[in-house]
$ cat final-v9.cif   # mmCIF, C-alpha atoms and all ligand atoms
data_work
#
loop_
_atom_site.label_atom_id
_atom_site.label_comp_id
_atom_site.auth_asym_id
_atom_site.auth_seq_id
_atom_site.Cartn_x
_atom_site.Cartn_y
_atom_site.Cartn_z
CA MET M 1 -42.25 21.80 70.11
CA ALA M 2 -45.36 20.51 68.37
CA LEU M 3 -45.81 19.50 64.77
CA VAL M 4 -48.94 21.01 63.29
CA VAL M 5 -50.52 20.15 59.94
CA GLN M 6 -52.78 22.94 58.67
CA LYS M 7 -54.98 22.30 55.64
CA TYR M 8 -56.65 25.29 54.01
CA GLY M 9 -59.63 24.86 51.68
CA GLY M 10 -60.43 26.83 48.53
CA THR M 11 -62.29 29.76 50.08
CA SER M 12 -59.57 30.18 52.70
CA ILE M 13 -57.13 31.04 49.91
CA GLY M 14 -59.66 32.40 47.41
CA SER M 15 -57.91 35.74 46.78
CA VAL M 16 -54.53 37.43 47.17
CA GLU M 17 -55.74 38.98 50.44
CA ARG M 18 -56.81 35.57 51.73
CA VAL M 19 -53.44 34.05 50.78
CA ARG M 20 -51.73 36.82 52.75
CA ALA M 21 -54.00 36.19 55.74
CA VAL M 22 -53.13 32.48 55.64
CA ALA M 23 -49.42 33.33 55.43
CA GLU M 24 -49.77 35.38 58.60
CA ARG M 25 -51.57 32.59 60.45
CA VAL M 26 -48.95 30.07 59.39
CA VAL M 27 -46.10 32.32 60.50
CA GLU M 28 -47.85 33.00 63.83
CA THR M 29 -48.11 29.24 64.39
CA GLN M 30 -44.43 28.77 63.65
CA LYS M 31 -43.44 31.71 65.88
CA LYS M 32 -45.13 29.92 68.79
CA GLY M 33 -42.42 27.26 68.44
CA ASN M 34 -44.23 24.76 66.22
CA LYS M 35 -43.09 22.99 63.09
CA VAL M 36 -45.72 23.67 60.44
CA VAL M 37 -46.74 21.65 57.39
CA VAL M 38 -49.38 23.35 55.26
CA VAL M 39 -51.62 21.48 52.81
CA LEU M 40 -53.52 23.53 50.27
CA SER M 41 -56.52 23.13 47.96
CA ALA M 42 -56.89 25.01 44.72
CA MET M 43 -58.26 28.55 45.04
CA SER M 44 -62.07 28.43 45.26
CA GLY M 45 -63.80 27.54 42.00
CA GLU M 46 -60.55 26.68 40.20
CA THR M 47 -60.99 22.88 40.11
CA ASP M 48 -64.53 23.29 38.74
CA LYS M 49 -63.21 25.67 36.09
CA LEU M 50 -60.56 23.17 35.01
CA ILE M 51 -63.07 20.31 34.83
CA ASN M 52 -65.39 22.49 32.82
CA LEU M 53 -62.63 23.22 30.30
CA ALA M 54 -61.96 19.50 29.92
CA TYR M 55 -65.60 18.72 29.15
CA GLN M 56 -65.74 21.52 26.58
CA ILE M 57 -62.99 19.68 24.71
CA ALA M 58 -64.11 16.07 25.15
CA LYS M 59 -67.26 14.20 26.21
CA TYR M 60 -65.18 11.49 27.87
CA PRO M 61 -61.74 12.96 28.64
CA LYS M 62 -59.15 10.37 29.62
CA GLU M 63 -58.79 10.21 33.39
CA ARG M 64 -55.01 10.46 33.21
CA GLU M 65 -55.35 13.79 31.42
CA LEU M 66 -58.03 14.94 33.87
CA ASP M 67 -55.57 14.34 36.71
CA MET M 68 -52.84 16.16 34.83
CA LEU M 69 -55.22 19.10 34.46
CA MET M 70 -56.90 19.14 37.87
CA SER M 71 -53.65 18.88 39.78
CA THR M 72 -52.52 22.26 38.44
CA GLY M 73 -54.98 24.15 40.65
CA GLU M 74 -53.18 23.19 43.84
CA GLN M 75 -49.80 24.03 42.33
CA VAL M 76 -50.86 27.66 41.91
CA SER M 77 -51.88 27.85 45.58
CA ILE M 78 -48.67 26.42 47.04
CA ALA M 79 -46.43 28.72 45.02
CA LEU M 80 -48.44 31.81 45.99
CA LEU M 81 -48.50 30.96 49.70
CA SER M 82 -44.79 30.24 49.70
CA MET M 83 -44.14 33.66 48.13
CA ALA M 84 -46.43 35.34 50.67
CA ILE M 85 -44.50 33.73 53.54
CA HIS M 86 -41.20 34.85 52.00
CA GLU M 87 -42.60 38.38 51.86
CA LEU M 88 -43.13 38.21 55.63
CA GLY M 89 -39.45 37.39 56.02
CA TYR M 90 -39.83 33.67 56.79
CA GLU M 91 -38.62 30.55 55.04
CA ALA M 92 -41.01 28.28 53.21
CA ARG M 93 -40.78 25.63 50.53
CA SER M 94 -43.60 24.49 48.28
CA MET M 95 -43.84 20.85 47.17
CA THR M 96 -46.05 19.03 44.70
CA GLY M 97 -47.41 15.60 45.61
CA HIS M 98 -44.54 14.11 43.64
CA GLN M 99 -41.89 16.13 45.50
CA ALA M 100 -43.48 15.32 48.86
CA ARG M 101 -43.50 11.64 47.80
CA ILE M 102 -47.21 11.04 48.32
CA LEU M 103 -47.41 7.61 46.73
CA THR M 104 -50.75 6.36 45.45
CA ASN M 105 -52.19 3.54 43.38
CA SER M 106 -52.99 4.22 39.73
CA GLU M 107 -56.76 4.76 39.98
CA HIS M 108 -56.85 8.12 38.24
CA THR M 109 -59.32 10.69 39.68
CA LYS M 110 -59.91 8.57 42.82
CA ALA M 111 -56.47 7.26 43.77
CA LYS M 112 -55.74 5.79 47.19
CA ILE M 113 -52.70 6.86 49.19
CA LEU M 114 -50.40 3.87 49.71
CA ALA M 115 -47.49 5.51 51.52
CA ILE M 116 -45.75 8.81 52.13
CA GLU M 117 -41.95 8.88 52.06
CA ASN M 118 -41.78 11.79 54.43
CA LYS M 119 -37.99 12.19 54.72
CA TYR M 120 -37.95 15.08 52.22
CA ILE M 121 -40.56 16.93 54.21
CA VAL M 122 -38.76 16.25 57.51
CA LYS M 123 -35.49 17.51 56.05
CA GLU M 124 -37.03 20.86 55.14
CA LEU M 125 -38.82 21.15 58.49
CA ASP M 126 -35.51 20.54 60.26
CA LYS M 127 -34.04 23.48 58.37
CA GLY M 128 -36.72 25.64 60.01
CA LYS M 129 -38.84 25.99 56.88
CA VAL M 130 -42.60 25.91 56.60
CA VAL M 131 -43.37 23.09 54.17
CA ILE M 132 -46.31 23.78 51.85
CA ILE M 133 -47.72 20.73 50.08
CA ALA M 134 -50.18 20.53 47.21
CA GLY M 135 -53.27 18.70 48.44
CA PHE M 136 -55.47 16.37 46.37
CA GLN M 137 -52.56 14.96 44.35
CA GLY M 138 -50.04 12.14 44.47
CA ILE M 139 -47.88 10.07 42.22
CA ASP M 140 -48.13 6.40 41.23
CA ASP M 141 -45.31 3.89 40.80
CA ARG M 142 -44.90 4.86 37.15
CA GLY M 143 -44.49 8.53 38.00
CA GLU M 144 -47.99 9.43 36.80
CA ILE M 145 -49.82 12.27 38.57
CA THR M 146 -52.97 11.07 40.33
CA THR M 147 -55.74 12.87 42.24
CA LEU M 148 -57.63 11.68 45.31
CA GLY M 149 -61.27 12.47 44.49
CA ARG M 150 -63.16 15.72 45.04
CA GLY M 151 -62.45 17.31 48.39
CA GLY M 152 -59.30 15.18 48.50
CA SER M 153 -57.07 17.81 50.09
CA ASP M 154 -58.68 16.88 53.41
CA LEU M 155 -57.31 13.38 52.88
CA SER M 156 -53.87 14.76 51.99
CA GLY M 157 -53.89 16.74 55.24
CA VAL M 158 -54.93 13.78 57.40
CA ALA M 159 -52.54 11.35 55.69
CA LEU M 160 -49.62 13.75 56.14
CA ALA M 161 -50.56 14.25 59.79
CA ALA M 162 -50.59 10.46 60.27
CA SER M 163 -47.31 9.94 58.46
CA LEU M 164 -45.51 12.75 60.32
CA LYS M 165 -47.16 11.80 63.64
CA ALA M 166 -48.35 15.39 63.92
CA ASP M 167 -49.83 16.55 67.19
CA ILE M 168 -52.91 17.91 65.42
CA CYS M 169 -54.41 18.15 61.94
CA GLU M 170 -56.18 21.47 61.58
CA ILE M 171 -58.66 21.72 58.70
CA TYR M 172 -59.34 25.40 58.01
CA THR M 173 -62.53 26.16 56.11
CA ASP M 174 -65.21 28.83 55.66
CA VAL M 175 -67.38 27.79 58.65
CA GLU M 176 -66.42 27.61 62.32
CA GLY M 177 -66.54 23.84 62.61
CA VAL M 178 -68.92 20.95 62.14
CA PHE M 179 -72.49 22.03 62.86
CA THR M 180 -75.70 20.15 63.63
CA ALA M 181 -76.68 20.94 60.02
CA ASP M 182 -75.11 22.91 57.18
CA PRO M 183 -75.11 26.45 58.67
CA ASN M 184 -75.68 27.82 55.18
CA ILE M 185 -79.06 26.03 55.16
CA VAL M 186 -79.96 26.27 58.86
CA PRO M 187 -78.66 29.54 60.32
CA GLU M 188 -79.51 28.45 63.89
CA ALA M 189 -77.44 25.25 63.61
CA THR M 190 -75.16 24.63 66.59
CA LYS M 191 -71.41 24.14 66.44
CA ILE M 192 -70.52 20.67 67.73
CA PRO M 193 -67.49 20.90 70.08
CA THR M 194 -66.49 17.22 69.79
CA ILE M 195 -67.75 14.55 67.42
CA SER M 196 -66.83 10.86 67.10
CA TYR M 197 -65.19 9.48 63.96
CA ASP M 198 -68.23 7.28 63.31
CA GLU M 199 -70.75 10.10 63.48
CA MET M 200 -68.54 12.28 61.29
CA LEU M 201 -68.14 9.42 58.83
CA GLU M 202 -71.90 9.07 58.50
CA LEU M 203 -72.49 12.83 58.25
CA ALA M 204 -69.78 13.20 55.59
CA GLY M 205 -70.91 10.12 53.67
CA LEU M 206 -74.51 11.34 53.73
CA GLY M 207 -73.75 14.78 52.35
CA ALA M 208 -72.04 17.09 54.89
CA LYS M 209 -69.15 18.10 52.67
CA VAL M 210 -67.25 19.93 55.43
CA LEU M 211 -64.90 16.91 55.51
CA GLN M 212 -64.24 14.43 52.73
CA THR M 213 -65.48 10.98 53.83
CA ARG M 214 -62.24 9.18 53.04
CA SER M 215 -60.26 11.64 55.15
CA VAL M 216 -62.41 10.72 58.16
CA GLU M 217 -61.93 7.00 57.49
CA PHE M 218 -58.20 7.59 57.38
CA ALA M 219 -58.23 9.66 60.57
CA LYS M 220 -60.16 6.91 62.36
CA ARG M 221 -57.79 4.19 61.16
CA TYR M 222 -54.65 6.07 62.22
CA GLY M 223 -56.08 7.87 65.26
CA VAL M 224 -55.50 11.38 63.88
CA THR M 225 -57.39 14.06 65.79
CA ILE M 226 -58.85 16.60 63.37
CA HIS M 227 -59.67 20.14 64.41
CA VAL M 228 -62.13 21.66 61.91
CA ARG M 229 -62.07 25.44 62.25
CA SER M 230 -62.50 28.70 60.42
CA SER M 231 -59.69 30.52 58.66
CA PHE M 232 -61.70 33.72 59.14
CA SER M 233 -61.58 33.73 62.96
CA ASN M 234 -59.62 32.44 65.94
CA GLU M 235 -62.55 30.58 67.50
CA GLU M 236 -62.13 26.98 68.57
CA GLY M 237 -63.83 24.69 66.09
CA THR M 238 -64.83 21.02 66.26
CA LEU M 239 -62.62 18.14 67.35
CA VAL M 240 -63.18 14.92 65.41
CA THR M 241 -61.88 12.16 67.60
CA GLY M 242 -62.49 8.76 69.24
CA GLU M 243 -65.75 8.01 70.97
CA ASP M 244 -66.34 8.66 74.66
CA GLU M 245 -69.25 7.71 76.90
CA LYS M 246 -70.81 11.15 76.83
CA MET M 247 -71.17 11.03 73.07
CA GLU M 248 -73.43 7.96 73.25
CA GLY M 249 -75.85 10.07 75.24
CA VAL M 250 -76.62 12.28 72.26
CA LEU M 251 -79.53 10.91 70.32
CA VAL M 252 -79.28 12.91 67.10
CA ARG M 253 -75.95 14.60 66.47
CA GLY M 254 -76.86 16.22 63.20
CA VAL M 255 -78.95 16.18 60.05
CA THR M 256 -77.71 16.31 56.52
CA CYS M 257 -78.78 15.99 52.93
CA SER M 258 -77.18 14.78 49.73
CA LYS M 259 -78.24 15.35 46.15
CA ASN M 260 -75.61 13.07 44.69
CA GLU M 261 -77.84 10.10 43.94
CA ALA M 262 -80.30 9.14 41.24
CA LYS M 263 -83.21 6.71 41.52
CA ILE M 264 -83.63 4.03 38.89
CA THR M 265 -86.94 2.15 38.67
CA ILE M 266 -87.33 -1.04 36.71
CA LEU M 267 -91.00 -1.53 35.92
CA LYS M 268 -92.92 -4.75 35.44
CA VAL M 269 -90.14 -7.18 36.22
CA PRO M 270 -91.18 -10.86 36.47
CA ASP M 271 -91.51 -11.62 40.19
CA LYS M 272 -89.55 -14.85 40.34
CA PRO M 273 -86.45 -16.02 42.16
CA GLY M 274 -83.12 -14.87 40.75
CA ILE M 275 -84.21 -11.71 38.91
CA ALA M 276 -83.00 -9.24 41.55
CA ALA M 277 -79.80 -11.24 41.90
CA LYS M 278 -79.16 -10.96 38.18
CA ILE M 279 -79.87 -7.24 37.98
CA PHE M 280 -77.71 -6.33 40.95
CA SER M 281 -74.85 -8.63 40.04
CA LYS M 282 -74.65 -6.97 36.61
CA ILE M 283 -74.53 -3.58 38.28
CA SER M 284 -71.91 -4.61 40.77
CA GLN M 285 -69.79 -6.19 38.02
CA ALA M 286 -69.76 -2.71 36.47
CA ASN M 287 -68.35 -1.47 39.79
CA ILE M 288 -71.36 0.74 40.51
CA MET M 289 -72.42 1.12 44.15
CA VAL M 290 -76.12 0.62 44.81
CA ASP M 291 -77.46 2.32 47.90
CA MET M 292 -81.19 2.15 48.74
CA ILE M 293 -83.36 -0.62 47.28
CA VAL M 294 -87.15 -1.04 47.33
CA GLN M 295 -89.24 -3.77 45.70
CA ASN M 296 -92.99 -3.26 45.40
CA ILE M 297 -95.57 -5.88 46.35
CA SER M 298 -96.02 -8.19 43.40
CA GLU M 299 -99.26 -8.13 41.40
CA LYS M 300 -100.07 -10.80 38.86
CA GLY M 301 -96.52 -12.09 38.94
CA ILE M 302 -94.89 -8.80 38.09
CA THR M 303 -93.30 -6.17 40.29
CA ASP M 304 -91.28 -2.90 40.24
CA ILE M 305 -87.79 -2.54 41.69
CA SER M 306 -86.30 0.86 42.57
CA PHE M 307 -82.80 1.61 43.74
CA THR M 308 -80.38 4.49 43.96
CA VAL M 309 -76.89 4.84 42.49
CA PRO M 310 -74.41 7.77 42.56
CA LYS M 311 -75.67 10.38 40.10
CA ILE M 312 -72.39 10.46 38.19
CA GLU M 313 -72.73 6.73 37.52
CA SER M 314 -76.42 6.67 36.70
CA ALA M 315 -75.98 6.85 32.89
CA ARG M 316 -73.63 3.89 33.03
CA ALA M 317 -76.04 1.99 35.31
CA MET M 318 -78.82 2.57 32.76
CA GLU M 319 -76.59 1.22 29.99
CA VAL M 320 -75.82 -1.89 32.01
CA ILE M 321 -79.50 -2.62 32.67
CA LYS M 322 -80.51 -1.95 29.07
CA SER M 323 -77.85 -4.36 27.89
CA VAL M 324 -79.56 -7.23 29.76
CA ALA M 325 -83.17 -6.00 29.56
CA ASP M 326 -84.41 -8.64 27.08
CA GLU M 327 -82.73 -11.50 28.86
CA LEU M 328 -84.32 -10.50 32.21
CA GLY M 329 -87.76 -9.66 30.85
CA ILE M 330 -87.37 -5.97 31.68
CA LYS M 331 -89.93 -3.86 29.83
CA ASP M 332 -89.42 -0.34 31.04
CA ILE M 333 -86.76 1.58 33.04
CA LYS M 334 -87.14 5.05 34.50
CA ILE M 335 -84.56 7.36 36.01
CA ASP M 336 -85.15 10.22 38.41
CA ASP M 337 -82.13 12.36 39.25
CA LYS M 338 -84.13 14.96 41.14
CA ILE M 339 -84.07 13.12 44.42
CA ALA M 340 -82.29 13.91 47.67
CA LYS M 341 -81.29 11.75 50.58
CA LEU M 342 -82.17 13.30 53.91
CA SER M 343 -80.52 11.79 57.00
CA ALA M 344 -80.35 12.02 60.77
CA VAL M 345 -77.16 10.75 62.47
CA GLY M 346 -76.35 10.02 66.12
CA LEU M 347 -74.59 7.43 68.29
CA GLY M 348 -77.59 7.34 70.63
CA MET M 349 -79.63 5.60 67.93
CA ARG M 350 -77.79 2.38 68.75
CA SER M 351 -79.68 2.08 71.99
CA HIS M 352 -82.82 4.10 71.43
CA THR M 353 -85.92 3.59 69.31
CA GLY M 354 -88.44 6.10 68.08
CA ILE M 355 -86.14 8.26 65.99
CA ALA M 356 -87.44 6.84 62.71
CA SER M 357 -91.09 7.37 63.56
CA LYS M 358 -90.39 10.92 64.73
CA MET M 359 -88.57 11.62 61.47
CA PHE M 360 -91.33 10.14 59.27
CA SER M 361 -94.09 12.01 61.12
CA ALA M 362 -92.23 15.31 60.89
CA LEU M 363 -91.86 14.90 57.13
CA ALA M 364 -95.49 13.83 56.73
CA ASP M 365 -96.67 16.89 58.68
CA VAL M 366 -95.20 19.20 56.05
CA GLY M 367 -96.32 17.02 53.14
CA ILE M 368 -92.92 15.59 52.18
CA ASN M 369 -93.37 12.16 50.62
CA ILE M 370 -90.80 9.49 51.50
CA LEU M 371 -89.70 7.55 48.42
CA MET M 372 -87.30 5.12 50.08
CA ILE M 373 -85.82 4.47 53.50
CA SER M 374 -82.49 3.07 54.62
CA THR M 375 -80.86 2.71 58.00
CA SER M 376 -77.50 1.97 59.54
CA GLU M 377 -76.61 1.48 63.18
CA ILE M 378 -76.34 5.22 63.77
CA ALA M 379 -78.22 6.82 60.84
CA ILE M 380 -81.64 6.91 59.22
CA SER M 381 -82.06 8.18 55.67
CA CYS M 382 -85.08 8.95 53.51
CA ALA M 383 -85.05 9.58 49.79
CA ILE M 384 -87.31 12.53 48.98
CA ASP M 385 -88.02 14.89 46.09
CA ALA M 386 -84.92 17.12 45.77
CA LYS M 387 -87.02 20.28 45.82
CA PHE M 388 -87.82 19.61 49.47
CA SER M 389 -84.24 18.99 50.60
CA GLU M 390 -83.61 22.29 52.36
CA LEU M 391 -87.07 22.27 53.92
CA GLY M 392 -86.47 18.67 55.06
CA VAL M 393 -83.18 19.58 56.73
CA ARG M 394 -84.79 22.52 58.56
CA ILE M 395 -87.76 20.48 59.71
CA LEU M 396 -85.61 17.66 61.07
CA HIS M 397 -83.27 20.13 62.74
CA GLU M 398 -86.27 21.61 64.49
CA VAL M 399 -88.01 18.38 65.44
CA PHE M 400 -84.82 16.92 66.93
CA GLU M 401 -84.25 20.22 68.75
CA LEU M 402 -80.74 20.74 67.48
CA GLY M 403 -80.80 24.55 67.65
CA GLN M 404 -78.48 26.45 70.01
CA GLY M 405 -78.11 24.55 73.29
CA LYS M 406 -80.94 22.14 72.58
CA GLU M 407 -79.17 18.79 72.10
CA THR M 408 -81.63 15.88 72.32
CA LEU M 409 -80.33 13.78 75.20
CA LEU M 410 -81.42 10.29 76.09
CA ALA M 411 -83.99 10.17 78.85
P1 LIG L 501 -63.28 23.82 51.81
O1 LIG L 501 -63.23 24.56 50.52
O2 LIG L 501 -62.67 24.58 52.94
O3 LIG L 501 -62.78 22.41 51.71
P2 LIG L 501 -66.01 22.87 51.70
O4 LIG L 501 -66.88 23.75 50.85
O5 LIG L 501 -65.52 21.60 51.12
O6 LIG L 501 -64.82 23.76 52.22
O7 LIG L 501 -66.75 22.54 53.08
C1 LIG L 501 -67.28 23.57 53.87
C2 LIG L 501 -68.78 23.69 53.65
O8 LIG L 501 -69.42 22.50 54.13
C3 LIG L 501 -69.45 24.79 54.40
O9 LIG L 501 -69.39 26.01 53.72
C4 LIG L 501 -70.88 24.27 54.57
O10 LIG L 501 -71.77 24.87 53.64
C5 LIG L 501 -70.79 22.79 54.26
N1 LIG L 501 -71.41 21.95 55.28
C6 LIG L 501 -72.31 20.97 55.02
N2 LIG L 501 -72.72 20.38 56.14
C7 LIG L 501 -72.06 20.98 57.17
C8 LIG L 501 -72.07 20.81 58.59
N3 LIG L 501 -72.82 19.88 59.18
N4 LIG L 501 -71.26 21.60 59.32
C9 LIG L 501 -70.47 22.53 58.74
N5 LIG L 501 -70.44 22.75 57.40
C10 LIG L 501 -71.21 21.99 56.61
N1 LIG L 502 -59.40 21.19 44.72
C1 LIG L 502 -59.98 19.88 44.91
C2 LIG L 502 -61.49 19.94 44.77
O1 LIG L 502 -62.03 21.00 44.53
C3 LIG L 502 -59.58 19.25 46.19
C4 LIG L 502 -60.06 19.97 47.44
O2 LIG L 502 -60.50 21.12 47.37
O3 LIG L 502 -59.98 19.37 48.51
O4 LIG L 502 -62.13 18.93 44.88
MG MG L 503 -63.67 20.58 51.10
#
$ encode --input "final-v9.cif" --output "structure tokens"
Amino acid sequence: MALVVQKYGGTSIGSVERVRAVAERVVETQKKGNKVVVVLSAMSGETDKLINLAYQIAKYPKERELDMLMSTGEQVSIALLSMAIHELGYEARSMTGHQARILTNSEHTKAKILAIENKYIVKELDKGKVVIIAGFQGIDDRGEITTLGRGGSDLSGVALAASLKADICEIYTDVEGVFTADPNIVPEATKIPTISYDEMLELAGLGAKVLQTRSVEFAKRYGVTIHVRSSFSNEEGTLVTGEDEKMEGVLVRGVTCSKNEAKITILKVPDKPGIAAKIFSKISQANIMVDMIVQNISEKGITDISFTVPKIESARAMEVIKSVADELGIKDIKIDDKIAKLSAVGLGMRSHTGIASKMFSALADVGINILMISTSEIAISCAIDAKFSELGVRILHEVFELGQGKETLLA
């Protein structure tokens, strides 16, 4: 008998019909002799709707209240699925994060899971019930409801799979797996049968929202194999798992794009030692993550510094810089939130050169200007004008020959 964790995303339970279809899949899995734990997101669009309501009431709603509000979406889903399973004549029990004892720290809206006291879940499973758990939410040591960041139900699924030592963590979504690019942007993208944790981490962190980045980190740390697959078909999806030798042979695994960053440029800064240190230490003291950084060649003792920060934190970053502008001799600051970060990811980059130049030439050929560049061991990213993001993804997908059956292998 296997223990299976199945996480269903918003579109997979977006209507009453979809909830019924999920109930049938869950029951089928149990009938095959498995114990089944289901983790659910809110129905599609519901979390956005709730957030929208909050911001109609307050410009800066308190994060505790945001968590109180956002966590309700998942509660609707678990109750409905439980009812649908009962209608099929099977036993199921829904549980909130609190009831399932998903214990987190107190960082509202981006809480970290500290532990799961899984004995309540195990007890219900042993009674032959399907256990249905609200994703995205937990409880802190004061009994406050917390949420795990957008897309956080993936993390709930992986963490439950780790805690229960499940045989597999299935993430059901609206595409058939992880593709070489977002299939909604590049229709000829190829489904990747197996991908390493590290490649998936980079792809997710650089914009491929098919899995939440923190869920992949968690899966890597605890060795949870994730099977990303479609709730609309029975096709095999993508296994996210540890690295093997064959994977290193793939030069570019996929391309992705993120529009979640904004570029801040500080103009005419005095070009002398210590200025950059001061600017960036102020920003880091405000707990804002800086990503790409470029400093122009100095002319007449002054220079420009550009860097990117998460879009949602850009207003705060501007406030921080303005608050020290006089002290640092800063004359002018500009912000551009219409940028995108376009990236190519692949384990083969560790041992192979030439990817960057191929990427830059391909972008130049179609007239896409590169604003900034950053690299990691297995990824190269370029900041570009956001209006070219889809074109950029398609061009890179083509130049790295990622279309059906065209993986770029090392020579
Ligand atoms: P869910 O609601 O099931 O959590 P998400 O919307 O969070 O689903 O994630 C699925 C979406 O991720 C897909 O519809 C697709 O547009 C997008 N996506 C982005 N990059 C990729 C990729 N490389 N492979 C597959 N899907 C991707
Ligand atoms: N409902 C939450 C969100 O929309 C969590 C999730 O879907 O994973 O972010
Ligand atoms: Mg998601």
$ residues_around --input "final-v9.cif" --residues "Val320 (chain M)" --least-positions-apart "4" --cutoff "7 Å" --atoms "all atoms listed in the file" --output "list in words"
Lys282, Ile283, Arg316 and Val324 of chain M
$ residues_near_ligand --input "final-v9.cif" --ligand "ligand MG 503 (chain L)" --cutoff "10 Å" --atoms "all atoms listed in the file" --output "ChimeraX atom specification"
/M:7-11,41,44,150-155,171-174,208-212
$ residues_near_point --input "final-v9.cif" --point "(-54.6, 6.1, 42.7)" --cutoff "8 Å" --atoms "only C-alpha atoms" --output "VMD selection string"
chain M and resid 104 to 113 138 to 140 146 to 148
$ write_last_selection --input "final-v9.cif" --atoms "C-alpha atoms" --output "mmCIF file, in the frame of the given file"
data_model
loop_
_atom_site.group_PDB
_atom_site.id
_atom_site.type_symbol
_atom_site.label_atom_id
_atom_site.label_comp_id
_atom_site.auth_asym_id
_atom_site.auth_seq_id
_atom_site.Cartn_x
_atom_site.Cartn_y
_atom_site.Cartn_z
ATOM 1 C CA THR M 104 -50.750 6.360 45.450
ATOM 2 C CA ASN M 105 -52.190 3.540 43.380
ATOM 3 C CA SER M 106 -52.990 4.220 39.730
ATOM 4 C CA GLU M 107 -56.760 4.760 39.980
ATOM 5 C CA HIS M 108 -56.850 8.120 38.240
ATOM 6 C CA THR M 109 -59.320 10.690 39.680
ATOM 7 C CA LYS M 110 -59.910 8.570 42.820
ATOM 8 C CA ALA M 111 -56.470 7.260 43.770
ATOM 9 C CA LYS M 112 -55.740 5.790 47.190
ATOM 10 C CA ILE M 113 -52.700 6.860 49.190
ATOM 11 C CA GLY M 138 -50.040 12.140 44.470
ATOM 12 C CA ILE M 139 -47.880 10.070 42.220
ATOM 13 C CA ASP M 140 -48.130 6.400 41.230
ATOM 14 C CA THR M 146 -52.970 11.070 40.330
ATOM 15 C CA THR M 147 -55.740 12.870 42.240
ATOM 16 C CA LEU M 148 -57.630 11.680 45.310
#
$ atom_distance --input "final-v9.cif" --atom1 "CA of Val38 (chain M)" --atom2 "CA of Gly207 (chain M)"
26.0 Å
$ atom_distance --input "final-v9.cif" --atom1 "CA of Pro273 (chain M)" --atom2 "CA of Ala286 (chain M)"
22.1 Å
$ closest_residue --input "final-v9.cif" --among "M:Val175, M:Ile102, M:Leu69, M:Ile13" --to "Pro187 (chain M)" --atoms "only C-alpha atoms"
M:Val175
$ closest_residue --input "final-v9.cif" --among "M:Tyr120, M:Phe400, M:Tyr60, M:Phe136" --to "Val39 (chain M)" --atoms "all atoms listed in the file"
M:Phe136
